[in-house]
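J.: The structure under discussion is supplied below as structure tokens; questions concerning it will follow.
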Amino acid sequence: MPRLLFILVLVAVAVAVINPLQALPEADPQVEVACPVTIDPATAKYRCINGNQLTLRMPYLGVAPGASVFVTGPGSATVGGDDPAATSDGVIELIGLVPSSAYVLGIIGPGCAGPDAIFYNFTTPNYICADDLTVLINEVLPEPGSDTNDDGVVNFLEEQFVEVFNPDAQVEIDLNGWILIIGGTVRYTFPPATILGPRQALTVFGGGTLFDPCHYAPGGF
């Protein structure tokens, strides 16, 4: 009889251990998920804006409500462009950078805290926009003899062109508001969003209607 009681006690203990009604611990509400914003340094580009401000443009993907962006380094660099806390898939601009200097771009906040915060270390190129901002007139065609603008029509005035070139290997130049003067007369004003990339040429024709990506002259000069 005592042996039978001993066996019954063991069974009762076993049933208590695997009771499916036992409450499970709740998940920790403080656990962070990976930062929903990502940046790819390979897509970053330097640009001179407003004539003399060295700027880093950093595209990003995603959006992180409540996050903030900052930049640390010498000078008085500021953050502009799109806000990853409110705008998905945009471009952050770090404006007024000092040449040949080390900086840190940071994105922190809800979801981007601790090990998931973004810190991008970079060193600016040795380029002073105010002093070295150079666009070369690379080629001029005053007397064309063929359909140089490739629009299918040969028109002497429309086939004339001026080609400009950015000799720098690292920095884009924003040509917004720049003017082309021919014979002492302003013949063309570059519109907003006209960007001349590193070592990139851009051709302004006298007119025409068909232009490939290397040509630019809506309205002509």
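Starting from 1 in every chain, residues are counted up; chains themselves are A, B, ... following the order of the structure tokens, and ligands are numbered from 1 as listed.
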Please identify all polymer residues within 8 Å of stretch 121-131 of chain A, counting only C-alpha atoms, omitting same-chain residues fewer than 3 positions from it, and present them as a PyMOL selection string.
T.: chain A and resi 48+51-54+97-105+170
J.: Take the residues from that selection and write them out as a short mmCIF file (atom, residue, chain, number, x, y, z; two decimals), in the first residue's frame, keeping N, CA and C atoms.
T.:
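Contents of part36.cif, freshly written:
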```
data_model
loop_
_atom_site.label_atom_id
_atom_site.label_comp_id
_atom_site.auth_asym_id
_atom_site.auth_seq_id
_atom_site.Cartn_x
_atom_site.Cartn_y
_atom_site.Cartn_z
N CYS A 48 28.54 71.77 -54.30
CA CYS A 48 28.66 73.17 -53.91
C CYS A 48 27.30 73.83 -54.14
N GLY A 51 26.82 78.81 -54.23
CA GLY A 51 28.09 79.37 -54.67
C GLY A 51 29.29 79.04 -53.83
N ASN A 52 29.11 78.82 -52.51
CA ASN A 52 30.31 78.67 -51.68
C ASN A 52 30.15 77.69 -50.52
N GLN A 53 29.11 76.90 -50.48
CA GLN A 53 28.90 75.99 -49.35
C GLN A 53 29.10 74.54 -49.79
N LEU A 54 30.09 73.91 -49.17
CA LEU A 54 30.35 72.50 -49.45
C LEU A 54 29.30 71.67 -48.71
N LEU A 97 30.10 72.42 -44.76
CA LEU A 97 31.19 71.59 -44.25
C LEU A 97 32.54 72.25 -44.53
N VAL A 98 33.50 71.95 -43.65
CA VAL A 98 34.86 72.46 -43.80
C VAL A 98 35.68 71.43 -44.59
N PRO A 99 36.41 71.86 -45.60
CA PRO A 99 37.21 70.91 -46.38
C PRO A 99 38.25 70.19 -45.52
N SER A 100 38.59 68.97 -45.92
CA SER A 100 39.61 68.15 -45.27
C SER A 100 39.36 68.00 -43.76
N SER A 101 38.12 67.75 -43.39
CA SER A 101 37.77 67.64 -41.97
C SER A 101 36.92 66.41 -41.72
N ALA A 102 37.00 65.89 -40.48
CA ALA A 102 36.26 64.69 -40.08
C ALA A 102 34.92 65.08 -39.45
N TYR A 103 33.87 64.39 -39.84
CA TYR A 103 32.53 64.63 -39.32
C TYR A 103 31.84 63.30 -38.99
N VAL A 104 30.74 63.42 -38.24
CA VAL A 104 29.88 62.27 -37.96
C VAL A 104 28.44 62.67 -38.23
N LEU A 105 27.76 61.90 -39.07
CA LEU A 105 26.33 62.04 -39.28
C LEU A 105 25.64 61.03 -38.39
N GLN A 170 35.30 64.82 -57.38
CA GLN A 170 34.50 64.44 -56.22
C GLN A 170 33.24 65.26 -56.02
#
```
J.: Hey, can you check how far atom CA of A:Ala67 sits from atom CA of A:Gly111?
T.: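 These two atoms are separated by 7.9 Å.
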J.: Which residues of stretch 93-171 of chain A have any atom within 9 Å of an atom in stretch 181-200 of chain A when counting only C-alpha atoms, and what is the closest pair of atoms for each, with the distance in Å to one decimal? Order the rows by chain and rising number and write it as CSV.
T.:
```
residue,atom,partner,partner_atom,distance
A:Val135,CA,A:Leu196,CA,9.0
A:Val164,CA,A:Gln200,CA,8.5
A:Phe165,CA,A:Gln200,CA,5.8
A:Asn166,CA,A:Arg199,CA,4.9
A:Pro167,CA,A:Arg199,CA,4.9
A:Asp168,CA,A:Pro198,CA,5.4
A:Ala169,CA,A:Pro198,CA,4.8
A:Gln170,CA,A:Pro198,CA,5.4
A:Val171,CA,A:Pro198,CA,5.4
```
J.: Write out as a list of chain:residue names the residues lying within 9 Å of stretch 36-41 of chain A, counting only C-alpha atoms and excluding same-chain residues fewer than 3 positions away.
T.: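 The residues that qualify are A:Val33, A:Ala44, A:Lys45, A:Met58, A:Pro59, A:Tyr60, A:Leu61, A:Gly62, A:Val63, A:Ala64, A:Pro84, A:Ser88, A:Asp89, A:Ile107, A:Gly111, A:Cys112, A:Ile118, A:Tyr120.
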J.: Dump N, CA, C and O atoms for the selected residues as a CSV table (one decimal), in the first residue's frame?
T.:
```
chain,number,residue,atom,x,y,z
A,33,VAL,N,13.4,47.4,-32.1
A,33,VAL,CA,13.6,46.7,-33.4
A,33,VAL,C,14.7,47.5,-34.1
A,33,VAL,O,15.0,48.6,-33.8
A,44,ALA,N,26.4,58.7,-51.4
A,44,ALA,CA,26.6,60.1,-50.9
A,44,ALA,C,27.4,60.9,-52.0
A,44,ALA,O,28.3,60.3,-52.6
A,45,LYS,N,27.0,62.1,-52.2
A,45,LYS,CA,27.7,63.0,-53.1
A,45,LYS,C,27.9,64.4,-52.5
A,45,LYS,O,27.0,64.9,-51.8
A,58,MET,N,23.1,62.9,-48.6
A,58,MET,CA,23.1,61.5,-48.3
A,58,MET,C,21.7,60.9,-48.4
A,58,MET,O,20.8,61.2,-47.6
A,59,PRO,N,21.5,60.2,-49.5
A,59,PRO,CA,20.1,59.5,-49.7
A,59,PRO,C,19.9,58.5,-48.6
A,59,PRO,O,20.8,57.9,-48.1
A,60,TYR,N,18.6,58.3,-48.2
A,60,TYR,CA,18.3,57.3,-47.2
A,60,TYR,C,17.0,56.6,-47.6
A,60,TYR,O,16.2,57.2,-48.4
A,61,LEU,N,16.8,55.5,-47.1
A,61,LEU,CA,15.5,54.7,-47.3
A,61,LEU,C,14.8,54.5,-46.0
A,61,LEU,O,15.4,54.4,-44.9
A,62,GLY,N,13.5,54.5,-46.1
A,62,GLY,CA,12.7,54.3,-44.9
A,62,GLY,C,12.3,55.6,-44.2
A,62,GLY,O,12.6,56.7,-44.6
A,63,VAL,N,11.6,55.4,-43.1
A,63,VAL,CA,11.1,56.6,-42.3
A,63,VAL,C,11.1,56.1,-40.8
A,63,VAL,O,10.8,55.0,-40.5
A,64,ALA,N,11.5,57.0,-39.9
A,64,ALA,CA,11.6,56.7,-38.5
A,64,ALA,C,11.0,57.8,-37.6
A,64,ALA,O,11.7,58.7,-37.3
A,84,PRO,N,14.0,62.4,-42.1
A,84,PRO,CA,13.7,61.0,-42.0
A,84,PRO,C,12.7,60.7,-40.9
A,84,PRO,O,12.1,59.5,-40.9
A,88,SER,N,9.6,59.6,-46.0
A,88,SER,CA,10.2,58.3,-46.4
A,88,SER,C,11.1,58.5,-47.7
A,88,SER,O,10.7,59.2,-48.6
A,89,ASP,N,12.2,57.8,-47.7
A,89,ASP,CA,13.0,57.7,-48.9
A,89,ASP,C,13.4,59.1,-49.4
A,89,ASP,O,12.9,59.5,-50.4
A,107,ILE,N,21.8,59.5,-36.8
A,107,ILE,CA,20.4,59.4,-36.8
A,107,ILE,C,20.0,58.6,-35.5
A,107,ILE,O,20.3,57.4,-35.4
A,111,GLY,N,13.4,53.6,-32.0
A,111,GLY,CA,13.7,52.6,-33.0
A,111,GLY,C,15.1,52.6,-33.5
A,111,GLY,O,15.6,51.7,-34.2
A,112,CYS,N,15.8,53.8,-33.2
A,112,CYS,CA,17.2,54.0,-33.7
A,112,CYS,C,18.1,54.3,-32.5
A,112,CYS,O,18.9,55.2,-32.6
A,118,ILE,N,22.3,55.1,-36.0
A,118,ILE,CA,23.2,55.2,-37.2
A,118,ILE,C,24.2,56.3,-37.0
A,118,ILE,O,23.9,57.5,-36.6
A,120,TYR,N,27.6,57.7,-39.1
A,120,TYR,CA,28.4,57.6,-40.3
A,120,TYR,C,29.5,58.6,-40.2
A,120,TYR,O,29.3,59.8,-40.2
```
J.: May I ask for the distance between atom CA of A:Val91 and atom CA of A:Ala113, given in Å to one decimal place?
T.: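 About the pair atom CA of A:Val91 and atom CA of A:Ala113: they are 21.0 Å apart.
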J.: Between A:Ser68, A:Thr134, A:Ser76, A:Asn155, which one has atoms that come closest to A:Leu175, using only C-alpha atoms?
T.: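 Of the candidates, the smallest distance to A:Leu175 is held by A:Thr134.
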J.: As a PyMOL selection string, please: all residues of stretch 60-194 of chain A that backbone DSSP puts in strand (DSSP E).
T.: chain A and resi 60-61+68-72+78-81+91-95+102-108+118-123+136-141+161-165+171-174+179-182+185-189
J.: Rank nothing, just name the residue among A:Leu136, A:Ile108, A:Leu141, A:Ile173 nearest to A:Phe205, using only C-alpha atoms.
T.: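 Looking only at the distances to A:Phe205, the closest residue turns out to be A:Leu141.
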J.: So, counting only C-alpha atoms, which residue among A:Ala117, A:Val204, A:Val69, A:Ala77 is closest to A:Gly96?
T.: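 Checking each candidate against A:Gly96, we get A:Ala77 as the closest.
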